$ cat run.cif   # mmCIF, C-alpha atoms and all ligand atoms
data_start
#
loop_
_atom_site.label_atom_id
_atom_site.label_comp_id
_atom_site.auth_asym_id
_atom_site.auth_seq_id
_atom_site.Cartn_x
_atom_site.Cartn_y
_atom_site.Cartn_z
CA MET A 1 0.00 0.00 0.00
CA LYS A 2 0.97 3.64 -0.31
CA ALA A 3 2.00 5.37 2.89
CA VAL A 4 3.99 8.34 4.14
CA GLU A 5 6.74 7.62 6.65
CA ILE A 6 9.04 9.69 8.83
CA SER A 7 12.31 8.82 7.07
CA GLN A 8 14.31 10.43 9.90
CA PRO A 9 13.58 13.04 12.58
CA GLY A 10 13.58 16.53 11.12
CA ALA A 11 11.90 19.19 8.97
CA PRO A 12 8.61 18.57 7.07
CA GLU A 13 10.57 17.24 4.06
CA VAL A 14 11.53 14.07 6.00
CA LEU A 15 7.93 12.89 5.37
CA LYS A 16 8.43 10.57 2.36
CA PRO A 17 5.94 8.61 0.26
CA VAL A 18 6.78 4.87 0.46
CA GLU A 19 5.33 1.42 -0.28
CA ARG A 20 4.54 -0.61 2.86
CA PRO A 21 2.86 -4.00 3.41
CA THR A 22 -0.89 -3.60 4.00
CA PRO A 23 -1.51 -4.18 7.74
CA GLU A 24 -3.86 -6.94 8.95
CA ALA A 25 -6.64 -6.50 11.45
CA GLY A 26 -6.29 -8.55 14.65
CA PRO A 27 -9.02 -9.56 17.11
CA GLY A 28 -11.31 -6.63 17.92
CA GLU A 29 -9.91 -4.62 15.02
CA VAL A 30 -10.96 -3.63 11.51
CA LEU A 31 -8.98 -2.73 8.40
CA ILE A 32 -10.08 0.59 6.93
CA LYS A 33 -9.41 1.82 3.38
CA VAL A 34 -8.48 5.39 4.19
CA ALA A 35 -10.25 8.16 2.25
CA ALA A 36 -8.94 10.99 4.43
CA ALA A 37 -6.68 11.42 7.46
CA GLY A 38 -6.46 14.32 9.91
CA VAL A 39 -3.17 16.12 10.61
CA ASN A 40 -2.54 17.00 14.24
CA ARG A 41 0.11 18.90 16.15
CA PRO A 42 1.27 15.64 17.84
CA ASP A 43 2.19 14.34 14.32
CA VAL A 44 4.59 17.29 14.08
CA PHE A 45 6.14 16.40 17.45
CA GLN A 46 6.46 12.76 16.31
CA ARG A 47 8.12 13.85 13.04
CA LYS A 48 10.67 15.84 15.02
CA GLY A 49 11.49 12.74 17.08
CA GLY A 50 9.92 13.90 20.36
CA TYR A 51 6.69 11.88 20.50
CA PRO A 52 7.33 8.21 19.68
CA PRO A 53 4.38 5.86 19.04
CA PRO A 54 3.36 3.72 22.03
CA PRO A 55 4.73 0.11 22.01
CA GLY A 56 3.17 -2.10 19.35
CA VAL A 57 1.76 0.82 17.34
CA SER A 58 2.63 1.56 13.67
CA ASP A 59 5.59 3.92 13.22
CA LEU A 60 3.62 5.75 10.51
CA PRO A 61 2.14 9.05 11.72
CA GLY A 62 -1.60 9.75 11.73
CA LEU A 63 -4.03 9.65 14.65
CA GLU A 64 -7.41 9.85 12.91
CA ILE A 65 -8.95 8.60 9.69
CA ALA A 66 -12.17 8.24 7.75
CA GLY A 67 -12.92 5.59 5.16
CA GLU A 68 -14.53 2.22 4.49
CA ILE A 69 -14.27 -0.97 6.57
CA VAL A 70 -12.82 -3.64 4.25
CA SER A 71 -12.25 -6.53 6.70
CA GLY A 72 -12.02 -7.53 10.35
CA ASP A 73 -14.20 -7.79 13.45
CA ALA A 74 -16.77 -5.20 12.36
CA GLU A 75 -19.82 -7.02 13.79
CA ALA A 76 -18.39 -6.82 17.32
CA ALA A 77 -19.60 -3.21 17.49
CA GLY A 78 -22.62 -3.36 15.21
CA PHE A 79 -20.76 -2.42 12.01
CA LYS A 80 -20.30 -4.45 8.81
CA VAL A 81 -17.78 -4.61 5.97
CA GLY A 82 -18.53 -1.75 3.57
CA ASP A 83 -19.62 0.70 6.30
CA LYS A 84 -18.14 4.21 6.18
CA VAL A 85 -16.60 5.16 9.50
CA CYS A 86 -14.18 7.54 11.14
CA ALA A 87 -11.76 6.25 13.74
CA LEU A 88 -9.30 7.31 16.39
CA VAL A 89 -6.01 5.41 15.97
CA ALA A 90 -2.76 5.49 17.94
CA GLY A 91 -0.76 5.76 14.68
CA GLY A 92 -0.68 4.62 11.04
CA GLY A 93 -3.21 7.07 9.58
CA TYR A 94 -0.92 8.46 6.84
CA ALA A 95 -1.55 5.42 4.64
CA GLU A 96 -3.85 3.82 2.10
CA TYR A 97 -5.02 1.29 4.71
CA CYS A 98 -5.06 1.53 8.48
CA VAL A 99 -6.06 -0.83 11.29
CA ALA A 100 -8.37 0.55 14.00
CA PRO A 101 -9.82 -0.99 17.17
CA ILE A 102 -13.52 -1.40 16.39
CA GLU A 103 -14.43 0.29 19.69
CA GLN A 104 -12.72 3.45 18.45
CA CYS A 105 -14.78 3.61 15.24
CA LEU A 106 -17.84 5.81 14.84
CA PRO A 107 -20.19 6.09 11.86
CA ILE A 108 -19.59 9.08 9.61
CA PRO A 109 -22.26 11.53 10.81
CA LYS A 110 -25.05 11.94 8.25
CA GLY A 111 -24.45 14.96 6.04
CA LEU A 112 -20.67 15.04 6.56
CA SER A 113 -18.06 14.16 3.92
CA GLU A 114 -15.19 11.76 4.57
CA ILE A 115 -12.85 14.76 4.63
CA GLU A 116 -14.92 16.45 7.34
CA ALA A 117 -15.29 13.19 9.29
CA ALA A 118 -11.52 12.56 9.24
CA GLY A 119 -11.05 15.72 11.28
CA LEU A 120 -13.40 14.64 14.06
CA PRO A 121 -11.89 11.84 16.17
CA GLU A 122 -8.70 13.32 17.62
CA THR A 123 -10.23 16.64 18.62
CA TYR A 124 -13.65 15.36 19.70
CA PHE A 125 -12.24 12.50 21.81
CA THR A 126 -9.75 14.92 23.38
CA VAL A 127 -12.24 17.70 24.05
CA TRP A 128 -14.93 15.39 25.45
CA SER A 129 -12.59 13.54 27.76
CA ASN A 130 -10.81 16.67 29.04
CA VAL A 131 -13.53 19.32 29.15
CA PHE A 132 -16.58 17.28 30.08
CA ASP A 133 -15.21 14.16 31.84
CA ARG A 134 -12.03 15.40 33.51
CA GLY A 135 -12.94 19.11 33.71
CA GLN A 136 -16.57 18.32 34.64
CA LEU A 137 -17.89 21.37 32.76
CA SER A 138 -21.57 21.33 33.61
CA ALA A 139 -24.70 23.24 32.67
CA GLY A 140 -24.49 26.96 33.31
CA GLU A 141 -20.71 26.98 33.84
CA SER A 142 -18.12 28.92 31.85
CA LEU A 143 -15.07 27.71 29.89
CA LEU A 144 -11.85 29.46 28.83
CA VAL A 145 -10.08 27.86 25.86
CA HIS A 146 -6.46 28.74 25.04
CA GLY A 147 -5.52 28.20 21.37
CA GLY A 148 -9.11 28.90 20.36
CA ALA A 149 -8.41 28.77 16.62
CA SER A 150 -6.66 25.39 16.72
CA GLY A 151 -8.30 22.10 15.76
CA ILE A 152 -8.87 21.41 19.45
CA GLY A 153 -9.93 24.99 20.17
CA THR A 154 -12.54 25.30 17.39
CA THR A 155 -14.03 22.00 18.58
CA ALA A 156 -14.08 22.99 22.25
CA ILE A 157 -15.73 26.34 21.51
CA GLN A 158 -18.49 24.84 19.37
CA LEU A 159 -19.18 21.88 21.64
CA ALA A 160 -19.36 23.91 24.84
CA LYS A 161 -21.58 26.51 23.17
CA ALA A 162 -23.88 23.76 21.88
CA MET A 163 -24.08 22.40 25.44
CA GLY A 164 -25.20 25.83 26.64
CA ASN A 165 -21.99 27.02 28.31
CA THR A 166 -20.45 30.50 28.20
CA VAL A 167 -17.13 30.29 26.33
CA TYR A 168 -14.10 32.62 26.28
CA ALA A 169 -11.02 31.91 24.13
CA THR A 170 -7.55 33.30 23.51
CA VAL A 171 -5.99 33.52 20.03
CA GLY A 172 -2.92 35.18 18.52
CA SER A 173 -4.46 37.75 16.13
CA ASP A 174 -7.51 39.96 15.50
CA GLU A 175 -8.27 37.94 12.37
CA ARG A 176 -8.54 34.84 14.58
CA VAL A 177 -10.75 36.70 17.05
CA ASN A 178 -13.15 37.29 14.13
CA ALA A 179 -12.93 33.65 13.06
CA ILE A 180 -13.84 32.27 16.48
CA ARG A 181 -16.62 34.85 16.85
CA GLU A 182 -18.28 33.09 13.90
CA LEU A 183 -18.16 29.88 15.94
CA GLY A 184 -20.22 31.55 18.65
CA VAL A 185 -17.53 32.34 21.24
CA ASP A 186 -18.82 34.82 23.83
CA LEU A 187 -15.49 36.64 24.07
CA GLY A 188 -12.41 36.24 21.85
CA ILE A 189 -9.20 37.62 23.36
CA ASN A 190 -6.11 38.50 21.31
CA TYR A 191 -3.42 37.56 23.83
CA ARG A 192 -0.80 39.57 21.95
CA SER A 193 -2.60 42.87 22.57
CA GLN A 194 -4.81 42.04 25.57
CA ASP A 195 -4.24 40.55 29.04
CA PHE A 196 -6.48 37.48 29.19
CA VAL A 197 -6.59 37.55 33.01
CA GLU A 198 -8.02 41.07 33.04
CA GLU A 199 -10.40 40.37 30.14
CA VAL A 200 -11.81 37.25 31.80
CA LYS A 201 -12.16 38.94 35.19
CA GLN A 202 -14.00 41.84 33.58
CA ALA A 203 -16.30 39.55 31.57
CA THR A 204 -17.18 37.54 34.70
CA ASN A 205 -17.55 40.52 37.07
CA GLY A 206 -14.44 39.39 38.93
CA ARG A 207 -15.68 35.84 39.55
CA GLY A 208 -13.46 34.01 37.03
CA VAL A 209 -14.18 30.96 34.84
CA ASP A 210 -15.12 27.47 36.00
CA VAL A 211 -12.94 25.43 33.62
CA ILE A 212 -9.83 26.27 31.56
CA LEU A 213 -8.69 24.05 28.67
CA ASP A 214 -4.99 24.85 28.44
CA MET A 215 -2.58 23.79 25.69
CA VAL A 216 0.05 26.39 26.64
CA ALA A 217 0.98 25.74 30.34
CA GLY A 218 4.34 27.42 31.24
CA ASP A 219 3.67 30.89 32.62
CA TYR A 220 -0.04 30.51 31.77
CA VAL A 221 -0.49 28.26 34.84
CA LYS A 222 -0.01 31.16 37.27
CA ARG A 223 -2.25 33.43 35.20
CA ASN A 224 -4.91 30.74 34.80
CA ILE A 225 -5.16 30.50 38.60
CA GLN A 226 -5.68 34.26 38.74
CA CYS A 227 -8.79 34.11 36.53
CA LEU A 228 -10.24 30.83 37.80
CA ALA A 229 -13.44 30.85 39.88
CA ASP A 230 -13.60 29.17 43.30
CA ASP A 231 -13.82 25.37 42.80
CA GLY A 232 -12.47 25.91 39.25
CA ARG A 233 -10.60 23.31 37.21
CA ILE A 234 -7.59 23.74 34.89
CA VAL A 235 -7.09 20.90 32.40
CA ILE A 236 -3.67 20.88 30.73
CA ILE A 237 -3.53 19.03 27.38
CA ALA A 238 -0.23 20.36 26.00
CA VAL A 239 2.76 22.42 27.06
CA LEU A 240 3.37 24.65 24.03
CA GLY A 241 4.59 27.40 26.38
CA GLY A 242 6.88 25.18 28.49
CA ILE A 243 6.58 22.50 31.17
CA LYS A 244 7.39 24.58 34.24
CA GLY A 245 5.09 27.12 35.82
CA GLU A 246 4.43 28.79 39.16
CA ILE A 247 1.54 27.62 41.35
CA ASP A 248 0.15 29.74 44.19
CA SER A 249 -0.64 26.85 46.54
CA GLY A 250 -2.48 29.20 48.89
CA GLN A 251 -5.02 29.92 46.16
CA VAL A 252 -5.36 26.22 45.38
CA LEU A 253 -6.28 25.30 48.94
CA ARG A 254 -8.27 28.40 49.93
CA ARG A 255 -10.37 28.38 46.75
CA ARG A 256 -10.50 24.56 46.23
CA LEU A 257 -8.91 24.66 42.74
CA THR A 258 -8.05 21.58 40.68
CA ILE A 259 -5.10 21.38 38.27
CA THR A 260 -5.20 18.26 36.14
CA GLY A 261 -4.37 17.05 32.63
CA SER A 262 -4.11 14.02 30.36
CA THR A 263 -2.83 12.64 27.09
CA LEU A 264 -5.17 10.55 24.99
CA ARG A 265 -2.82 8.50 22.84
CA PRO A 266 -1.43 6.02 25.42
CA ARG A 267 -4.81 5.35 27.08
CA PRO A 268 -6.23 1.81 26.64
CA VAL A 269 -8.75 0.89 23.93
CA ALA A 270 -11.49 0.32 26.55
CA PHE A 271 -11.09 3.91 27.80
CA LYS A 272 -11.29 5.32 24.27
CA GLY A 273 -14.25 3.03 23.54
CA GLU A 274 -16.16 4.58 26.44
CA ILE A 275 -15.50 8.07 25.05
CA ALA A 276 -16.70 6.88 21.62
CA LYS A 277 -20.02 5.79 23.18
CA LYS A 278 -20.48 9.19 24.83
CA LEU A 279 -19.65 11.00 21.58
CA ARG A 280 -22.18 8.90 19.69
CA GLN A 281 -24.83 9.65 22.29
CA HIS A 282 -24.21 13.34 23.00
CA VAL A 283 -22.25 14.79 20.08
CA TRP A 284 -23.11 12.90 16.87
CA PRO A 285 -26.74 14.16 17.01
CA LEU A 286 -25.42 17.74 17.20
CA LEU A 287 -23.21 17.16 14.15
CA GLU A 288 -26.05 15.51 12.20
CA ALA A 289 -28.38 18.40 13.08
CA GLY A 290 -25.77 20.88 11.79
CA LYS A 291 -25.49 22.55 15.21
CA ILE A 292 -21.72 22.04 15.20
CA ARG A 293 -19.41 21.43 12.26
CA PRO A 294 -15.82 20.47 11.64
CA ILE A 295 -13.74 23.46 10.53
CA ILE A 296 -11.49 22.38 7.64
CA HIS A 297 -8.71 24.84 6.84
CA ALA A 298 -6.99 22.97 3.99
CA THR A 299 -6.56 19.58 2.32
CA PHE A 300 -3.46 18.02 0.71
CA PRO A 301 -3.03 14.71 -1.13
CA LEU A 302 -1.36 12.10 1.10
CA HIS A 303 1.95 12.18 -0.81
CA GLU A 304 2.19 15.91 -0.05
CA ALA A 305 1.91 15.40 3.71
CA TRP A 306 5.07 17.46 4.15
CA LYS A 307 3.21 20.53 2.84
CA ALA A 308 0.50 19.96 5.44
CA HIS A 309 3.13 19.89 8.19
CA ALA A 310 4.82 23.01 6.86
CA MET A 311 1.44 24.78 6.95
CA MET A 312 0.76 23.63 10.51
CA GLU A 313 4.17 24.84 11.64
CA ALA A 314 3.63 28.22 9.99
CA GLY A 315 0.73 28.40 12.46
CA ASP A 316 -1.81 30.38 10.42
CA GLN A 317 -4.47 27.68 10.16
CA ILE A 318 -7.92 28.00 11.63
CA GLY A 319 -9.31 24.52 12.28
CA LYS A 320 -8.11 21.27 10.71
CA ILE A 321 -5.69 20.26 7.94
CA ILE A 322 -6.67 17.00 6.19
CA LEU A 323 -4.81 14.55 3.92
CA THR A 324 -6.78 12.88 1.13
CA ALA A 325 -6.25 9.50 -0.57
N1 LIG B 1 -3.51 15.82 25.62
C1 LIG B 1 -4.06 15.27 24.56
O1 LIG B 1 -4.65 14.20 24.64
C2 LIG B 1 -3.99 15.97 23.24
C3 LIG B 1 -4.66 15.44 22.12
C4 LIG B 1 -4.61 16.15 20.91
C5 LIG B 1 -3.89 17.33 20.83
N2 LIG B 1 -3.23 17.79 21.93
C6 LIG B 1 -2.46 19.04 21.89
O2 LIG B 1 -3.34 20.12 21.74
C7 LIG B 1 -2.69 21.17 21.02
C8 LIG B 1 -3.57 21.60 19.87
O3 LIG B 1 -3.58 20.60 18.90
P1 LIG B 1 -4.07 20.91 17.43
O4 LIG B 1 -3.82 19.69 16.63
O5 LIG B 1 -5.43 21.48 17.53
O6 LIG B 1 -2.97 21.99 17.01
P2 LIG B 1 -2.97 23.32 16.14
O7 LIG B 1 -4.23 23.39 15.32
O8 LIG B 1 -1.68 23.39 15.49
O9 LIG B 1 -3.04 24.46 17.28
C9 LIG B 1 -2.05 24.90 18.14
C10 LIG B 1 -2.40 26.36 18.49
O10 LIG B 1 -1.88 26.74 19.75
C11 LIG B 1 -1.75 28.15 19.76
N3 LIG B 1 -0.58 28.49 20.57
C12 LIG B 1 -0.61 29.21 21.71
N4 LIG B 1 0.59 29.32 22.25
C13 LIG B 1 1.43 28.66 21.46
C14 LIG B 1 2.82 28.43 21.48
N5 LIG B 1 3.60 28.88 22.47
N6 LIG B 1 3.35 27.68 20.47
C15 LIG B 1 2.57 27.19 19.45
N7 LIG B 1 1.24 27.40 19.39
C16 LIG B 1 0.69 28.12 20.38
C17 LIG B 1 -1.62 28.61 18.32
O11 LIG B 1 -2.66 29.51 18.03
P3 LIG B 1 -2.59 31.07 18.40
O12 LIG B 1 -1.34 31.63 17.84
O13 LIG B 1 -3.83 31.68 17.83
O14 LIG B 1 -2.62 31.11 19.90
C18 LIG B 1 -1.84 27.33 17.51
O15 LIG B 1 -2.78 27.52 16.49
C19 LIG B 1 -1.36 20.61 20.54
O16 LIG B 1 -0.34 21.09 21.37
C20 LIG B 1 -1.52 19.11 20.71
O17 LIG B 1 -0.30 18.48 20.99
C21 LIG B 1 -3.28 17.14 23.13
#

$ encode --input "run.cif" --output "structure tokens"
Amino acid sequence: MKAVEISQPGAPEVLKPVERPTPEAGPGEVLIKVAAAGVNRPDVFQRKGGYPPPPGVSDLPGLEIAGEIVSGDAEAAGFKVGDKVCALVAGGGYAEYCVAPIEQCLPIPKGLSEIEAAGLPETYFTVWSNVFDRGQLSAGESLLVHGGASGIGTTAIQLAKAMGNTVYATVGSDERVNAIRELGVDLGINYRSQDFVEEVKQATNGRGVDVILDMVAGDYVKRNIQCLADDGRIVIIAVLGGIKGEIDSGQVLRRRLTITGSTLRPRPVAFKGEIAKKLRQHVWPLLEAGKIRPIIHATFPLHEAWKAHAMMEAGDQIGKIILTA
């Protein structure tokens, strides 16, 4: 089969089209003919050599796909060969065929293309498990999203708005503030020209937000605490701004704050399968009703995956970049 491999750690150009043996589905797995695959920031980290695949996982990059089930244990989860699905995978998505645990497959929501569906799994699994499960964002509460224009950010904004929450988000330009306004964000903050702590305090009459989805960390940790409401939760999903930050422990104990985080990729199939069930129940109806939609910034043919990475590293995208078969 055709695939794109990381020939060596390095710049986008190390992503090379190659021929690889077609993988075989094992017990509880299906083989999917890939129509489209999402590109994610972790793929960039893997390409640079800093984010190796978990043991036993394909060395090919690619964490999410959409396509057709061609063989395997489809019936185990109510699917059949020939069904069109999207799937979360721990690697191997940049290829003509990819194996996925059946529990991590979801039907392509009615009305969505394979390209749109390929951009769903990584961000929707991540946002659901971190904002709603771990962060416990509940009805009537408010959410602050850092990186609001990212794949994760555009998903978090739309999902929390559809669930009836108030949502604030930080982005790096006025153009991006306008883009996330179209997604329904209550307040977009350009962190280059505005202080997000002050903006959030003002918008909440000094109370602060209930949950913060943070992909920056570093010196944001201290500032997040300053604009978090009593009993608030910070969920760290990436450390784009650095791994070390300052914590005012007095605030944590006096105001009952929670600082937590997680990474999705190494979690077991059963854990991801439980998230898939919740997405199917709570989120797929919203997608099928058109209340939320995947934001696709650009598509590239699979063999030009290096161009997709170069675009992601330039950092101007709003939403998802997708590779097509
Ligand atoms: N924990 C998990 O399970 C999990 C799962 C998936 C993804 N992630 C992480 O979530 C993050 C978003 O993923 P994505 O695929 O949606 O990526 P993406 O679309 O490339 O978005 C990253 C965004 O972060 C913002 N940003 C803020 N500070 C930054 C900094 N210091 N360096 C670089 N970017 C900065 C940038 O937007 P502005 O310039 O507008 O701020 C950028 O658009 C990634 O770091 C990824 O590794 C975590």

$ closest_residue --input "run.cif" --among "A:Val283, A:Ala117, A:Leu143, A:Ala149" --to "Val177 of chain A" --atoms "only C-alpha atoms"
A:Ala149

$ closest_residue --input "run.cif" --among "A:Pro55, A:Gly26, A:Gly208, A:Gly135" --to "Thr258 of chain A" --atoms "all atoms listed in the file"
A:Gly135

$ atom_distance --input "run.cif" --atom1 "atom CA of Lys48 of chain A" --atom2 "atom CA of Met312 of chain A"
13.4 Å

$ residues_near_ligand --input "run.cif" --ligand "ligand LIG 1 (chain B)" --cutoff "7 Å" --atoms "only C-alpha atoms and all ligand atoms" --output "ChimeraX atom specification"
/A:40-42,122-123,126,146-153,170-173,176,215-216,237-241,262-265,312,315-320

$ atom_distance --input "run.cif" --atom1 "atom CA of Leu144 of chain A" --atom2 "atom CA of Leu286 of chain A"
21.4 Å

$ closest_residue --input "run.cif" --among "A:Trp128, A:Pro109, A:Gly62, A:Val30" --to "Gly82 of chain A" --atoms "all atoms listed in the file"
A:Val30

$ build_atoms --input "run.cif" --residues "segment 130-152 of chain A" --atoms "N, CA, C and O atoms" --output "mmCIF file, in the frame of the given file"
data_model
loop_
_atom_site.group_PDB
_atom_site.id
_atom_site.type_symbol
_atom_site.label_atom_id
_atom_site.label_comp_id
_atom_site.auth_asym_id
_atom_site.auth_seq_id
_atom_site.Cartn_x
_atom_site.Cartn_y
_atom_site.Cartn_z
ATOM 1 N N ASN A 130 -11.465 15.680 28.170
ATOM 2 C CA ASN A 130 -10.810 16.670 29.040
ATOM 3 C C ASN A 130 -11.737 17.756 29.552
ATOM 4 O O ASN A 130 -11.617 18.174 30.700
ATOM 5 N N VAL A 131 -12.643 18.222 28.719
ATOM 6 C CA VAL A 131 -13.530 19.320 29.150
ATOM 7 C C VAL A 131 -14.713 18.777 29.954
ATOM 8 O O VAL A 131 -15.033 19.300 31.020
ATOM 9 N N PHE A 132 -15.341 17.726 29.446
ATOM 10 C CA PHE A 132 -16.580 17.280 30.080
ATOM 11 C C PHE A 132 -16.360 16.182 31.115
ATOM 12 O O PHE A 132 -17.007 16.173 32.161
ATOM 13 N N ASP A 133 -15.456 15.222 30.851
ATOM 14 C CA ASP A 133 -15.210 14.160 31.840
ATOM 15 C C ASP A 133 -14.260 14.671 32.927
ATOM 16 O O ASP A 133 -14.608 14.778 34.084
ATOM 17 N N ARG A 134 -13.043 14.996 32.536
ATOM 18 C CA ARG A 134 -12.030 15.400 33.510
ATOM 19 C C ARG A 134 -12.329 16.784 34.111
ATOM 20 O O ARG A 134 -12.272 16.977 35.317
ATOM 21 N N GLY A 135 -12.672 17.747 33.249
ATOM 22 C CA GLY A 135 -12.940 19.110 33.710
ATOM 23 C C GLY A 135 -14.327 19.276 34.307
ATOM 24 O O GLY A 135 -14.598 20.285 34.954
ATOM 25 N N GLN A 136 -15.210 18.298 34.049
ATOM 26 C CA GLN A 136 -16.570 18.320 34.640
ATOM 27 C C GLN A 136 -17.316 19.629 34.338
ATOM 28 O O GLN A 136 -18.039 20.145 35.200
ATOM 29 N N LEU A 137 -17.121 20.164 33.131
ATOM 30 C CA LEU A 137 -17.890 21.370 32.760
ATOM 31 C C LEU A 137 -19.362 21.003 32.745
ATOM 32 O O LEU A 137 -19.772 20.084 32.041
ATOM 33 N N SER A 138 -20.158 21.701 33.543
ATOM 34 C CA SER A 138 -21.570 21.330 33.610
ATOM 35 C C SER A 138 -22.456 22.508 33.243
ATOM 36 O O SER A 138 -21.970 23.631 33.038
ATOM 37 N N ALA A 139 -23.733 22.249 33.165
ATOM 38 C CA ALA A 139 -24.700 23.240 32.670
ATOM 39 C C ALA A 139 -24.545 24.549 33.432
ATOM 40 O O ALA A 139 -24.425 24.556 34.660
ATOM 41 N N GLY A 140 -24.544 25.636 32.702
ATOM 42 C CA GLY A 140 -24.490 26.960 33.310
ATOM 43 C C GLY A 140 -23.085 27.441 33.641
ATOM 44 O O GLY A 140 -22.900 28.604 34.008
ATOM 45 N N GLU A 141 -22.087 26.574 33.503
ATOM 46 C CA GLU A 141 -20.710 26.980 33.840
ATOM 47 C C GLU A 141 -20.027 27.622 32.625
ATOM 48 O O GLU A 141 -20.493 27.535 31.499
ATOM 49 N N SER A 142 -18.859 28.238 32.917
ATOM 50 C CA SER A 142 -18.120 28.920 31.850
ATOM 51 C C SER A 142 -16.782 28.217 31.593
ATOM 52 O O SER A 142 -16.205 27.578 32.481
ATOM 53 N N LEU A 143 -16.303 28.375 30.341
ATOM 54 C CA LEU A 143 -15.070 27.710 29.890
ATOM 55 C C LEU A 143 -14.165 28.743 29.231
ATOM 56 O O LEU A 143 -14.627 29.568 28.446
ATOM 57 N N LEU A 144 -12.865 28.686 29.549
ATOM 58 C CA LEU A 144 -11.850 29.460 28.830
ATOM 59 C C LEU A 144 -10.985 28.483 28.042
ATOM 60 O O LEU A 144 -10.456 27.531 28.616
ATOM 61 N N VAL A 145 -10.874 28.727 26.726
ATOM 62 C CA VAL A 145 -10.080 27.860 25.860
ATOM 63 C C VAL A 145 -8.858 28.631 25.382
ATOM 64 O O VAL A 145 -9.008 29.683 24.757
ATOM 65 N N HIS A 146 -7.658 28.142 25.659
ATOM 66 C CA HIS A 146 -6.460 28.740 25.040
ATOM 67 C C HIS A 146 -6.231 28.040 23.697
ATOM 68 O O HIS A 146 -6.527 26.857 23.557
ATOM 69 N N GLY A 147 -5.682 28.782 22.717
ATOM 70 C CA GLY A 147 -5.520 28.200 21.370
ATOM 71 C C GLY A 147 -6.871 28.015 20.713
ATOM 72 O O GLY A 147 -7.144 26.985 20.101
ATOM 73 N N GLY A 148 -7.724 29.024 20.822
ATOM 74 C CA GLY A 148 -9.110 28.900 20.360
ATOM 75 C C GLY A 148 -9.273 28.632 18.878
ATOM 76 O O GLY A 148 -10.296 28.110 18.451
ATOM 77 N N ALA A 149 -8.277 28.982 18.062
ATOM 78 C CA ALA A 149 -8.410 28.770 16.620
ATOM 79 C C ALA A 149 -7.828 27.442 16.162
ATOM 80 O O ALA A 149 -7.895 27.093 14.988
ATOM 81 N N SER A 150 -7.259 26.686 17.077
ATOM 82 C CA SER A 150 -6.660 25.390 16.720
ATOM 83 C C SER A 150 -7.749 24.362 16.440
ATOM 84 O O SER A 150 -8.940 24.616 16.665
ATOM 85 N N GLY A 151 -7.342 23.188 15.957
ATOM 86 C CA GLY A 151 -8.300 22.100 15.760
ATOM 87 C C GLY A 151 -9.033 21.806 17.058
ATOM 88 O O GLY A 151 -10.267 21.711 17.105
ATOM 89 N N ILE A 152 -8.275 21.672 18.137
ATOM 90 C CA ILE A 152 -8.870 21.410 19.450
ATOM 91 C C ILE A 152 -9.737 22.600 19.873
ATOM 92 O O ILE A 152 -10.864 22.417 20.347
#
